[in-house]
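**Student:** Below is one structure. I have some questions about it.
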Amino acid sequence: MEDRQTILIRGGRVIDPANGVDETADVLIQSGKIAAIGRNIEAEDARIFDAAGRVVAPGLIDMHSHLRDPGLEYKEDIVSGTQAAARGGFTAVCCMPNTQPVNDNAAVTRYILEKAQTKGSGVRVYPVGAISKGLQGVEMAEIGRMKQAGIVAISDDGRPVTNSNLFRLAMQYAAHFGLFIMSHSEDKNLVGDGVMNEGYMSTKLGLPGITRAAEEVMIARDILVAEAEGKRVHICHVSTRGGVQLVREAKARGVRVTAETTPHYIGATDAWVEGYDSRCRVNPPLREEEDRLACIEGLVDGTLDCIATDHAPHHEDEKRCEFHLAASGISGFETAFCVSNSVLVKSGRMTLPRLIERMSTIPARLLGVQGGTLSVGAPADVVVLDPDREITVDASKFVSKGKNTPFDGRTYTGAVCMTMVGGRVIDCAE
């Protein structure tokens, strides 16, 4: 990690959705903060980065990831996870609580924050605390104490909170402490022994399917509870067209609901499972083309507020096995921008400023954390992108311990050139 110094990023296309900026300019960084944006800036003794032909934007912020630390460090740890995040252009990430032990108390929260500060790459880490003790859905976790220790939200991600009254009470407690619920919306009874989306491909492959209703029933429950309480809820990893529509209708009637989808739900379908490719096993499962297009439409019209990776690294042995035995999850940090840029921007569905807004500005606002802007005086959390460079994904070169991605070997457009946090360059591909 480099010491703070005066840095001048010269001649890039500066995109700052928070301030409506999209122009060719220089960005001056001093004492870890944005000092000036304009043309022909001069600064003595500055380190110069030539950004001509590239994009300078606020660093990406991931609302939903798994760093696996503590307890599952063979899959990922805070060191490798934050290095992978930096390689993907992320300057801040939220880590989910399904660790071992679960982040359901202040001691685990403090451990995560202290390790991120002392051993991480420099990427800002925001822990998400558990809703229930041990993610068991029975007794509420120590929400207030975790808030004091530094959590930014609560979730039982990886498991749904099936007890609707516990969910309701947790929503009330979260609001009291200035937090909100990030809901893993899934009815386990409807999932049953399913391992992929229920449809033509599951029938063809002879694999037990998961109905869309397993996700949609719980999204509806979460929305109705939030509506009844007048409280806020965030729906994680929306993957179905029905789920998108439920969120759309709830927003239209004023429910305080926000939602995310992921690069793999807009960039892949259950057709990719053909050949029993276990890299495609993920929860919720990859859906059909109509669902993929609905998630894209939801991002375009604002029904879905942001893109999160749901970065879920696994050890090779847990993925290189029979499909029904494989662990669910995709390693997402290092492919998030290129997949999203290819699917949304290069297709003409969305402008690049809108994509950056959904991967940086809006997540910062939803979480209530710094970042997501290049405002003068703001921390210099910056990413430099080459949105026109073609890259072929090579999972063997991932910084993450998790090499599990169905995008391996595929070609996309969009590269991360440099990532900076607080005026320090923490990853530079050149």
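Letters for chains follow the order of the structure tokens (A, B, ...), residue numbers begin at 1 for each chain, and ligand numbers begin at 1 in the order shown.
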When DSSP is applied to the backbone of this structure, which of segment 224-418 of chain A are assigned helix (DSSP H, G or I)? Write them out as a ChimeraX atom specification.
**Tutor:** /A:224-229,241-252,263-267,270-273,278-280,289-301,316-319,323-325,333-345,352-367,395-397
**Student:** Residues of segment 164-255 of chain A in strand (DSSP E) according to DSSP, as a VMD selection string?
**Tutor:** chain A and resid 181 to 183 196 to 197 209 to 210 233 to 235
**Student:** In Å, rounded to a single decimal, give me how far atom CA of Ala130 of chain A is from atom CA of Phe180 of chain A.
**Tutor:**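 Going from atom CA of Phe180 of chain A over to atom CA of Ala130 of chain A covers 11.5 Å.
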**Student:** Using only C-alpha atoms, which of A:Cys295, A:Asn98, A:Met140, A:Ala271 sits nearest Tyr200 of chain A?
**Tutor:**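 Nearest to Tyr200 of chain A: A:Ala271.
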**Student:** Quick one: everything within 6 Å of segment 296-305 of chain A, counting only C-alpha atoms, minus sequence neighbours fewer than 3 positions away in the same chain. Send it as a ChimeraX atom specification.
**Tutor:** /A:248,259-260,266,293
**Student:** Mind checking which residues fall within 6 Å of segment 334-344 of chain A, counting only C-alpha atoms, ignoring those fewer than 5 positions away in the same chain, and posting them as JSON, numbers by chain?
**Tutor:** {"A": [88, 263, 349, 350, 412, 413, 414]}
**Student:** Measuring between only C-alpha atoms, which one of A:Val369, A:Arg279, A:Glu139, A:Arg87 shows the shortest distance to Gly122 of chain A?
**Tutor:**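 Distance minimum relative to Gly122 of chain A lands on A:Arg87.
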**Student:** Using only C-alpha atoms, which residues of segment 302-389 of chain A come within 12 Å of segment 42-52 of chain A, and what is the closest atom pair for each, with the distance in Å to one decimal? Give it as CSV, sorted by chain and residue number.
**Tutor:**
residue,atom,partner,partner_atom,distance
A:Val383,CA,A:Ala51,CA,10.9
A:Val384,CA,A:Ala51,CA,7.5
A:Leu385,CA,A:Ala51,CA,8.8
A:Asp386,CA,A:Ala51,CA,9.1
**Student:** Those residues with C-alpha atoms, as a PDB file, in the first residue's frame please?
**Tutor:**
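Result saved to again.pdb:
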ATOM      1  CA  VAL A 383     -11.465   3.833 -10.177  1.00  0.00           C
ATOM      2  CA  VAL A 384      -9.950   4.263 -13.643  1.00  0.00           C
ATOM      3  CA  LEU A 385     -11.688   2.171 -16.295  1.00  0.00           C
ATOM      4  CA  ASP A 386     -11.150   1.303 -19.935  1.00  0.00           C
TER       5      ASP A 386
END
